[in-house]
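Structure data follow from coords_38.cif (mmCIF, N, CA, C and O atoms):
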data_protein
#
loop_
_atom_site.label_atom_id
_atom_site.label_comp_id
_atom_site.auth_asym_id
_atom_site.auth_seq_id
_atom_site.Cartn_x
_atom_site.Cartn_y
_atom_site.Cartn_z
N MET J 630 16.60 -0.67 -8.14
CA MET J 630 15.50 -0.01 -7.44
C MET J 630 14.39 0.39 -8.42
O MET J 630 13.24 0.47 -8.03
N HIS J 631 14.76 0.65 -9.66
CA HIS J 631 13.76 1.05 -10.66
C HIS J 631 12.73 -0.06 -10.87
O HIS J 631 11.54 0.21 -11.01
N TRP J 632 13.17 -1.29 -10.88
CA TRP J 632 12.24 -2.40 -11.11
C TRP J 632 11.23 -2.53 -9.98
O TRP J 632 10.10 -2.94 -10.19
N LEU J 633 11.63 -2.17 -8.78
CA LEU J 633 10.72 -2.25 -7.63
C LEU J 633 9.60 -1.22 -7.76
O LEU J 633 8.42 -1.54 -7.54
N SER J 634 9.94 0.00 -8.14
CA SER J 634 8.90 1.02 -8.32
C SER J 634 8.01 0.68 -9.52
O SER J 634 6.80 0.92 -9.48
N LEU J 635 8.59 0.11 -10.57
CA LEU J 635 7.78 -0.30 -11.73
C LEU J 635 6.80 -1.40 -11.35
O LEU J 635 5.62 -1.35 -11.69
N THR J 636 7.28 -2.38 -10.59
CA THR J 636 6.41 -3.48 -10.15
C THR J 636 5.29 -2.96 -9.27
O THR J 636 4.13 -3.35 -9.43
N GLY J 637 5.60 -2.09 -8.34
CA GLY J 637 4.58 -1.52 -7.47
C GLY J 637 3.56 -0.71 -8.23
O GLY J 637 2.36 -0.80 -7.98
N ARG J 638 4.05 0.09 -9.19
CA ARG J 638 3.14 0.91 -10.01
C ARG J 638 2.20 0.04 -10.83
O ARG J 638 1.00 0.29 -10.89
N LEU J 639 2.73 -1.02 -11.44
CA LEU J 639 1.89 -1.92 -12.24
C LEU J 639 0.90 -2.69 -11.37
O LEU J 639 -0.24 -2.93 -11.76
N LEU J 640 1.34 -3.07 -10.18
CA LEU J 640 0.45 -3.79 -9.27
C LEU J 640 -0.71 -2.90 -8.82
O LEU J 640 -1.88 -3.32 -8.88
N VAL J 641 -0.42 -1.69 -8.40
CA VAL J 641 -1.47 -0.77 -7.96
C VAL J 641 -2.38 -0.40 -9.13
O VAL J 641 -3.60 -0.35 -9.00
N GLY J 642 -1.80 -0.19 -10.30
CA GLY J 642 -2.61 0.09 -11.49
C GLY J 642 -3.54 -1.06 -11.84
O GLY J 642 -4.69 -0.86 -12.21
N GLY J 643 -3.04 -2.29 -11.68
CA GLY J 643 -3.89 -3.46 -11.94
C GLY J 643 -5.03 -3.58 -10.95
O GLY J 643 -6.15 -3.95 -11.31
N VAL J 644 -4.76 -3.26 -9.70
CA VAL J 644 -5.81 -3.30 -8.67
C VAL J 644 -6.88 -2.26 -8.98
O VAL J 644 -8.08 -2.55 -8.92
N PHE J 645 -6.45 -1.03 -9.34
CA PHE J 645 -7.42 0.01 -9.71
C PHE J 645 -8.23 -0.42 -10.93
O PHE J 645 -9.44 -0.19 -11.00
N LEU J 646 -7.57 -1.03 -11.91
CA LEU J 646 -8.27 -1.46 -13.12
C LEU J 646 -9.32 -2.53 -12.80
O LEU J 646 -10.46 -2.44 -13.24
N ALA J 647 -8.93 -3.52 -12.02
CA ALA J 647 -9.87 -4.58 -11.65
C ALA J 647 -11.04 -4.03 -10.85
O ALA J 647 -12.20 -4.40 -11.07
N ALA J 648 -10.76 -3.12 -9.93
CA ALA J 648 -11.82 -2.53 -9.11
C ALA J 648 -12.78 -1.72 -9.97
O ALA J 648 -14.00 -1.78 -9.78
N SER J 649 -12.26 -0.97 -10.91
CA SER J 649 -13.13 -0.13 -11.73
C SER J 649 -14.00 -0.96 -12.66
O SER J 649 -15.18 -0.66 -12.86
N VAL J 650 -13.44 -2.03 -13.22
CA VAL J 650 -14.21 -2.87 -14.14
C VAL J 650 -15.39 -3.53 -13.42
O VAL J 650 -16.50 -3.59 -13.97
N THR J 651 -15.16 -4.00 -12.20
CA THR J 651 -16.26 -4.63 -11.48
C THR J 651 -17.33 -3.62 -11.07
O THR J 651 -18.51 -3.96 -11.04
N LYS J 652 -16.93 -2.39 -10.77
CA LYS J 652 -17.89 -1.37 -10.37
C LYS J 652 -18.70 -0.84 -11.55
O LYS J 652 -19.87 -0.50 -11.40
N VAL J 653 -18.08 -0.73 -12.71
CA VAL J 653 -18.80 -0.24 -13.89
C VAL J 653 -19.92 -1.21 -14.26
O VAL J 653 -21.00 -0.80 -14.67
N GLY J 654 -19.68 -2.50 -14.06
CA GLY J 654 -20.67 -3.51 -14.42
C GLY J 654 -21.89 -3.56 -13.52
O GLY J 654 -22.94 -4.06 -13.92
N ASP J 655 -21.78 -3.06 -12.30
CA ASP J 655 -22.89 -3.13 -11.35
C ASP J 655 -22.97 -1.84 -10.53
O ASP J 655 -22.53 -1.78 -9.38
N PRO J 656 -23.53 -0.78 -11.12
CA PRO J 656 -23.56 0.50 -10.41
C PRO J 656 -24.39 0.49 -9.13
O PRO J 656 -24.07 1.21 -8.18
N GLN J 657 -25.44 -0.32 -9.08
CA GLN J 657 -26.26 -0.35 -7.86
C GLN J 657 -25.49 -0.94 -6.68
O GLN J 657 -25.67 -0.52 -5.54
N ALA J 658 -24.63 -1.91 -6.95
CA ALA J 658 -23.79 -2.47 -5.89
C ALA J 658 -22.80 -1.42 -5.40
O ALA J 658 -22.48 -1.36 -4.20
N THR J 659 -22.32 -0.59 -6.31
CA THR J 659 -21.40 0.48 -5.92
C THR J 659 -22.12 1.50 -5.05
O THR J 659 -21.56 1.98 -4.06
N VAL J 660 -23.36 1.81 -5.38
CA VAL J 660 -24.14 2.73 -4.56
C VAL J 660 -24.32 2.16 -3.16
O VAL J 660 -24.14 2.86 -2.16
N ARG J 661 -24.64 0.87 -3.08
CA ARG J 661 -24.80 0.23 -1.77
C ARG J 661 -23.49 0.25 -0.98
O ARG J 661 -23.49 0.47 0.24
N ALA J 662 -22.37 0.02 -1.65
CA ALA J 662 -21.07 0.00 -0.96
C ALA J 662 -20.71 1.38 -0.45
O ALA J 662 -20.25 1.53 0.69
N VAL J 663 -20.91 2.41 -1.27
CA VAL J 663 -20.60 3.77 -0.83
C VAL J 663 -21.49 4.16 0.34
O VAL J 663 -21.03 4.75 1.32
N ARG J 664 -22.75 3.79 0.27
CA ARG J 664 -23.68 4.08 1.37
C ARG J 664 -23.27 3.34 2.65
O ARG J 664 -23.34 3.89 3.75
N ALA J 665 -22.82 2.11 2.52
CA ALA J 665 -22.46 1.30 3.68
C ALA J 665 -21.26 1.88 4.44
O ALA J 665 -21.19 1.76 5.66
N TYR J 666 -20.31 2.49 3.71
CA TYR J 666 -19.15 3.06 4.39
C TYR J 666 -19.49 4.33 5.17
O TYR J 666 -18.75 4.72 6.06
N GLN J 667 -20.56 4.99 4.82
CA GLN J 667 -21.03 6.20 5.52
C GLN J 667 -19.95 7.27 5.62
O GLN J 667 -19.79 7.93 6.65
N LEU J 668 -19.20 7.46 4.53
CA LEU J 668 -18.16 8.48 4.50
C LEU J 668 -18.63 9.78 3.87
O LEU J 668 -18.00 10.82 4.06
N VAL J 669 -19.69 9.71 3.10
CA VAL J 669 -20.22 10.91 2.43
C VAL J 669 -21.67 11.09 2.84
O VAL J 669 -22.35 10.13 3.20
N PRO J 670 -22.18 12.31 2.80
CA PRO J 670 -23.59 12.53 3.12
C PRO J 670 -24.49 11.79 2.13
O PRO J 670 -24.10 11.53 1.00
N GLU J 671 -25.68 11.49 2.57
CA GLU J 671 -26.61 10.73 1.73
C GLU J 671 -26.86 11.40 0.39
O GLU J 671 -27.03 10.73 -0.63
N SER J 672 -26.86 12.71 0.36
CA SER J 672 -27.10 13.42 -0.90
C SER J 672 -25.96 13.25 -1.90
O SER J 672 -26.14 13.47 -3.09
N ALA J 673 -24.79 12.85 -1.43
CA ALA J 673 -23.63 12.69 -2.31
C ALA J 673 -23.35 11.23 -2.67
O ALA J 673 -22.44 10.96 -3.45
N VAL J 674 -24.14 10.31 -2.15
CA VAL J 674 -23.87 8.89 -2.38
C VAL J 674 -23.94 8.54 -3.86
O VAL J 674 -23.02 7.92 -4.40
N HIS J 675 -25.00 8.93 -4.54
CA HIS J 675 -25.14 8.58 -5.96
C HIS J 675 -24.06 9.22 -6.83
O HIS J 675 -23.45 8.51 -7.65
N PRO J 676 -23.79 10.52 -6.71
CA PRO J 676 -22.72 11.09 -7.54
C PRO J 676 -21.36 10.44 -7.29
O PRO J 676 -20.61 10.17 -8.23
N VAL J 677 -21.04 10.17 -6.04
CA VAL J 677 -19.75 9.53 -5.72
C VAL J 677 -19.71 8.12 -6.28
O VAL J 677 -18.73 7.70 -6.90
N ALA J 678 -20.79 7.38 -6.11
CA ALA J 678 -20.83 5.99 -6.58
C ALA J 678 -20.74 5.90 -8.10
O ALA J 678 -20.11 4.98 -8.63
N TYR J 679 -21.34 6.82 -8.81
CA TYR J 679 -21.29 6.77 -10.27
C TYR J 679 -19.97 7.31 -10.82
O TYR J 679 -19.54 6.91 -11.90
N ALA J 680 -19.28 8.19 -10.08
CA ALA J 680 -18.01 8.74 -10.54
C ALA J 680 -16.83 7.85 -10.17
O ALA J 680 -15.82 7.83 -10.88
N LEU J 681 -16.93 7.13 -9.07
CA LEU J 681 -15.82 6.36 -8.54
C LEU J 681 -15.20 5.38 -9.55
O LEU J 681 -13.98 5.36 -9.69
N PRO J 682 -15.97 4.58 -10.27
CA PRO J 682 -15.34 3.64 -11.21
C PRO J 682 -14.54 4.34 -12.30
O PRO J 682 -13.48 3.85 -12.71
N TYR J 683 -15.00 5.49 -12.75
CA TYR J 683 -14.30 6.19 -13.83
C TYR J 683 -13.05 6.89 -13.32
O TYR J 683 -12.05 6.98 -14.04
N ILE J 684 -13.08 7.34 -12.09
CA ILE J 684 -11.87 7.90 -11.47
C ILE J 684 -10.83 6.81 -11.29
O ILE J 684 -9.65 6.99 -11.60
N GLU J 685 -11.27 5.64 -10.80
CA GLU J 685 -10.35 4.52 -10.64
C GLU J 685 -9.78 4.09 -11.98
O GLU J 685 -8.59 3.76 -12.08
N LEU J 686 -10.60 4.08 -13.02
CA LEU J 686 -10.14 3.69 -14.35
C LEU J 686 -9.10 4.68 -14.87
O LEU J 686 -8.06 4.27 -15.42
N ALA J 687 -9.34 5.96 -14.68
CA ALA J 687 -8.38 6.98 -15.12
C ALA J 687 -7.06 6.83 -14.38
O ALA J 687 -5.98 6.91 -14.99
N LEU J 688 -7.12 6.61 -13.07
CA LEU J 688 -5.90 6.42 -12.30
C LEU J 688 -5.16 5.16 -12.72
O LEU J 688 -3.92 5.15 -12.80
N ALA J 689 -5.90 4.10 -13.01
CA ALA J 689 -5.28 2.85 -13.47
C ALA J 689 -4.54 3.06 -14.78
O ALA J 689 -3.39 2.63 -14.93
N VAL J 690 -5.17 3.76 -15.71
CA VAL J 690 -4.52 4.01 -17.00
C VAL J 690 -3.27 4.85 -16.81
O VAL J 690 -2.21 4.56 -17.40
N LEU J 691 -3.36 5.89 -16.00
CA LEU J 691 -2.19 6.73 -15.74
C LEU J 691 -1.04 5.92 -15.14
O LEU J 691 0.12 6.08 -15.54
N LEU J 692 -1.36 5.06 -14.18
CA LEU J 692 -0.31 4.27 -13.55
C LEU J 692 0.27 3.23 -14.50
O LEU J 692 1.48 3.01 -14.55
N LEU J 693 -0.57 2.56 -15.27
CA LEU J 693 -0.10 1.52 -16.17
C LEU J 693 0.71 2.08 -17.33
O LEU J 693 1.68 1.47 -17.77
N VAL J 694 0.32 3.26 -17.81
CA VAL J 694 1.04 3.89 -18.92
C VAL J 694 2.30 4.59 -18.42
O VAL J 694 3.29 4.69 -19.13
N GLY J 695 2.25 5.08 -17.20
CA GLY J 695 3.39 5.76 -16.62
C GLY J 695 3.34 7.27 -16.72
O GLY J 695 4.35 7.94 -16.57
N LEU J 696 2.16 7.81 -16.95
CA LEU J 696 2.00 9.26 -17.03
C LEU J 696 1.46 9.80 -15.71
O LEU J 696 0.52 9.23 -15.15
N GLY J 697 2.03 10.87 -15.23
CA GLY J 697 1.54 11.48 -14.00
C GLY J 697 1.58 10.53 -12.82
O GLY J 697 0.67 10.52 -12.00
N VAL J 698 2.62 9.71 -12.73
CA VAL J 698 2.68 8.67 -11.72
C VAL J 698 2.62 9.23 -10.31
O VAL J 698 1.92 8.70 -9.45
N ARG J 699 3.31 10.32 -10.04
CA ARG J 699 3.27 10.89 -8.69
C ARG J 699 1.86 11.31 -8.30
O ARG J 699 1.44 11.09 -7.18
N TYR J 700 1.15 11.91 -9.22
CA TYR J 700 -0.21 12.38 -8.92
C TYR J 700 -1.19 11.21 -8.85
O TYR J 700 -2.09 11.21 -8.02
N ALA J 701 -1.05 10.24 -9.73
CA ALA J 701 -1.96 9.10 -9.75
C ALA J 701 -1.77 8.22 -8.52
O ALA J 701 -2.74 7.68 -7.99
N ALA J 702 -0.54 8.07 -8.09
CA ALA J 702 -0.28 7.21 -6.93
C ALA J 702 -0.82 7.86 -5.67
O ALA J 702 -1.30 7.23 -4.79
#
Rewrite the structure of this file - the entire thing - as structure tokens.
Amino acid sequence: MHWLSLTGRLLVGGVFLAASVTKVGDPQATVRAVRAYQLVPESAVHPVAYALPYIELALAVLLLVGLGVRYAA
């Protein structure tokens, strides 16, 4: 059972890593995506869009390294 949780953790960490790398490279596309989902008020679109890739990157590192797995997941 341990290998199953390890595989899942690495898979989710890899997805977060890939998502963050693509968003860091094109912040304007991230702003457009956050705006398109209409989940946050317009005044919060830019702060959320600029913070999102770094939050995803931090979660990816935590999951891949194995620190704080319960909180990161």
Translate the PyMOL selection byres (((chain J and resi 661 and name CA) around 12) and name CA) into a concrete residue list for this structure, as a PDB file with N, CA, C and O atoms, keeping the file's coordinate frame.
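Dumped everything to selection.pdb:
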ATOM      1  N   LYS J 652     -16.930  -2.390 -10.770  1.00  0.00           N
ATOM      2  CA  LYS J 652     -17.890  -1.370 -10.370  1.00  0.00           C
ATOM      3  C   LYS J 652     -18.700  -0.840 -11.550  1.00  0.00           C
ATOM      4  O   LYS J 652     -19.870  -0.500 -11.400  1.00  0.00           O
ATOM      5  N   ASP J 655     -21.780  -3.060 -12.300  1.00  0.00           N
ATOM      6  CA  ASP J 655     -22.890  -3.130 -11.350  1.00  0.00           C
ATOM      7  C   ASP J 655     -22.970  -1.840 -10.530  1.00  0.00           C
ATOM      8  O   ASP J 655     -22.530  -1.780  -9.380  1.00  0.00           O
ATOM      9  N   PRO J 656     -23.530  -0.780 -11.120  1.00  0.00           N
ATOM     10  CA  PRO J 656     -23.560   0.500 -10.410  1.00  0.00           C
ATOM     11  C   PRO J 656     -24.390   0.490  -9.130  1.00  0.00           C
ATOM     12  O   PRO J 656     -24.070   1.210  -8.180  1.00  0.00           O
ATOM     13  N   GLN J 657     -25.440  -0.320  -9.080  1.00  0.00           N
ATOM     14  CA  GLN J 657     -26.260  -0.350  -7.860  1.00  0.00           C
ATOM     15  C   GLN J 657     -25.490  -0.940  -6.680  1.00  0.00           C
ATOM     16  O   GLN J 657     -25.670  -0.520  -5.540  1.00  0.00           O
ATOM     17  N   ALA J 658     -24.630  -1.910  -6.950  1.00  0.00           N
ATOM     18  CA  ALA J 658     -23.790  -2.470  -5.890  1.00  0.00           C
ATOM     19  C   ALA J 658     -22.800  -1.420  -5.400  1.00  0.00           C
ATOM     20  O   ALA J 658     -22.480  -1.360  -4.200  1.00  0.00           O
ATOM     21  N   THR J 659     -22.320  -0.590  -6.310  1.00  0.00           N
ATOM     22  CA  THR J 659     -21.400   0.480  -5.920  1.00  0.00           C
ATOM     23  C   THR J 659     -22.120   1.500  -5.050  1.00  0.00           C
ATOM     24  O   THR J 659     -21.560   1.980  -4.060  1.00  0.00           O
ATOM     25  N   VAL J 660     -23.360   1.810  -5.380  1.00  0.00           N
ATOM     26  CA  VAL J 660     -24.140   2.730  -4.560  1.00  0.00           C
ATOM     27  C   VAL J 660     -24.320   2.160  -3.160  1.00  0.00           C
ATOM     28  O   VAL J 660     -24.140   2.860  -2.160  1.00  0.00           O
ATOM     29  N   ALA J 662     -22.370   0.020  -1.650  1.00  0.00           N
ATOM     30  CA  ALA J 662     -21.070   0.000  -0.960  1.00  0.00           C
ATOM     31  C   ALA J 662     -20.710   1.380  -0.450  1.00  0.00           C
ATOM     32  O   ALA J 662     -20.250   1.530   0.690  1.00  0.00           O
ATOM     33  N   VAL J 663     -20.910   2.410  -1.270  1.00  0.00           N
ATOM     34  CA  VAL J 663     -20.600   3.770  -0.830  1.00  0.00           C
ATOM     35  C   VAL J 663     -21.490   4.160   0.340  1.00  0.00           C
ATOM     36  O   VAL J 663     -21.030   4.750   1.320  1.00  0.00           O
ATOM     37  N   ARG J 664     -22.750   3.790   0.270  1.00  0.00           N
ATOM     38  CA  ARG J 664     -23.680   4.080   1.370  1.00  0.00           C
ATOM     39  C   ARG J 664     -23.270   3.340   2.650  1.00  0.00           C
ATOM     40  O   ARG J 664     -23.340   3.890   3.750  1.00  0.00           O
ATOM     41  N   ALA J 665     -22.820   2.110   2.520  1.00  0.00           N
ATOM     42  CA  ALA J 665     -22.460   1.300   3.680  1.00  0.00           C
ATOM     43  C   ALA J 665     -21.260   1.880   4.440  1.00  0.00           C
ATOM     44  O   ALA J 665     -21.190   1.760   5.660  1.00  0.00           O
ATOM     45  N   TYR J 666     -20.310   2.490   3.710  1.00  0.00           N
ATOM     46  CA  TYR J 666     -19.150   3.060   4.390  1.00  0.00           C
ATOM     47  C   TYR J 666     -19.490   4.330   5.170  1.00  0.00           C
ATOM     48  O   TYR J 666     -18.750   4.720   6.060  1.00  0.00           O
ATOM     49  N   GLN J 667     -20.560   4.990   4.820  1.00  0.00           N
ATOM     50  CA  GLN J 667     -21.030   6.200   5.520  1.00  0.00           C
ATOM     51  C   GLN J 667     -19.950   7.270   5.620  1.00  0.00           C
ATOM     52  O   GLN J 667     -19.790   7.930   6.650  1.00  0.00           O
ATOM     53  N   GLU J 671     -25.680  11.490   2.570  1.00  0.00           N
ATOM     54  CA  GLU J 671     -26.610  10.730   1.730  1.00  0.00           C
ATOM     55  C   GLU J 671     -26.860  11.400   0.390  1.00  0.00           C
ATOM     56  O   GLU J 671     -27.030  10.730  -0.630  1.00  0.00           O
ATOM     57  N   VAL J 674     -24.140  10.310  -2.150  1.00  0.00           N
ATOM     58  CA  VAL J 674     -23.870   8.890  -2.380  1.00  0.00           C
ATOM     59  C   VAL J 674     -23.940   8.540  -3.860  1.00  0.00           C
ATOM     60  O   VAL J 674     -23.020   7.920  -4.400  1.00  0.00           O
ATOM     61  N   HIS J 675     -25.000   8.930  -4.540  1.00  0.00           N
ATOM     62  CA  HIS J 675     -25.140   8.580  -5.960  1.00  0.00           C
ATOM     63  C   HIS J 675     -24.060   9.220  -6.830  1.00  0.00           C
ATOM     64  O   HIS J 675     -23.450   8.510  -7.650  1.00  0.00           O
ATOM     65  N   VAL J 677     -21.040  10.170  -6.040  1.00  0.00           N
ATOM     66  CA  VAL J 677     -19.750   9.530  -5.720  1.00  0.00           C
ATOM     67  C   VAL J 677     -19.710   8.120  -6.280  1.00  0.00           C
ATOM     68  O   VAL J 677     -18.730   7.700  -6.900  1.00  0.00           O
ATOM     69  N   ALA J 678     -20.790   7.380  -6.110  1.00  0.00           N
ATOM     70  CA  ALA J 678     -20.830   5.990  -6.580  1.00  0.00           C
ATOM     71  C   ALA J 678     -20.740   5.900  -8.100  1.00  0.00           C
ATOM     72  O   ALA J 678     -20.110   4.980  -8.630  1.00  0.00           O
ATOM     73  N   TYR J 679     -21.340   6.820  -8.810  1.00  0.00           N
ATOM     74  CA  TYR J 679     -21.290   6.770 -10.270  1.00  0.00           C
ATOM     75  C   TYR J 679     -19.970   7.310 -10.820  1.00  0.00           C
ATOM     76  O   TYR J 679     -19.540   6.910 -11.900  1.00  0.00           O
TER      77      TYR J 679
END
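Atom N of Leu692 of chain J is positioned 7.9 Å from atom N of Gly643 of chain J.
In this comparison, which uses all atoms listed in the file, the residue of J:Leu633, J:Leu640, J:Ala648, J:Leu693 approaching Leu681 of chain J most closely is J:Ala648.
Note that the spacing between atom O of Gly695 of chain J and atom CA of Pro676 of chain J amounts to 28.7 Å.
Each of J:Ala701, J:Leu646, J:Met630, J:Val653 was checked against Glu685 of chain J using only N, CA, C and O atoms; the smallest atom-to-atom distance is that of J:Leu646.
Taking only C-alpha atoms into account, Tyr683 of chain J lies nearest to J:Thr651 out of the set J:Trp632, J:Arg699, J:Thr651, J:Leu639.
Distance-wise, atom CA of Leu696 of chain J and atom CA of Ala680 of chain J end up 21.0 Å apart.
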Return the padded bounding box of segment 679-694 of chain J as JSON: axis-aligned, built from all atoms listed in the file, 5 Å added on each side, with centre and edge lengths in Å to one decimal.
{"center_x": -9.0, "center_y": 5.1, "center_z": -13.8, "size_x": 34.6, "size_y": 17.3, "size_z": 20.6}
- Message: Please extract the residues of chain J with a backbone DSSP assignment of alpha helix (DSSP H) and present them as a PyMOL selection string.
- Response: chain J and resi 631-654+656-666+674-694+698-701
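Distance annotation: of J:Val669, J:Gly654, J:Phe645, J:Leu635, the residue with the minimal separation from Leu688 of chain J is J:Phe645; atom set is all atoms listed in the file.
Distances to Val650 of chain J were evaluated for J:Leu668, J:Leu691, J:Leu686, J:Val698 using only N, CA, C and O atoms, and the minimum falls at J:Leu686.
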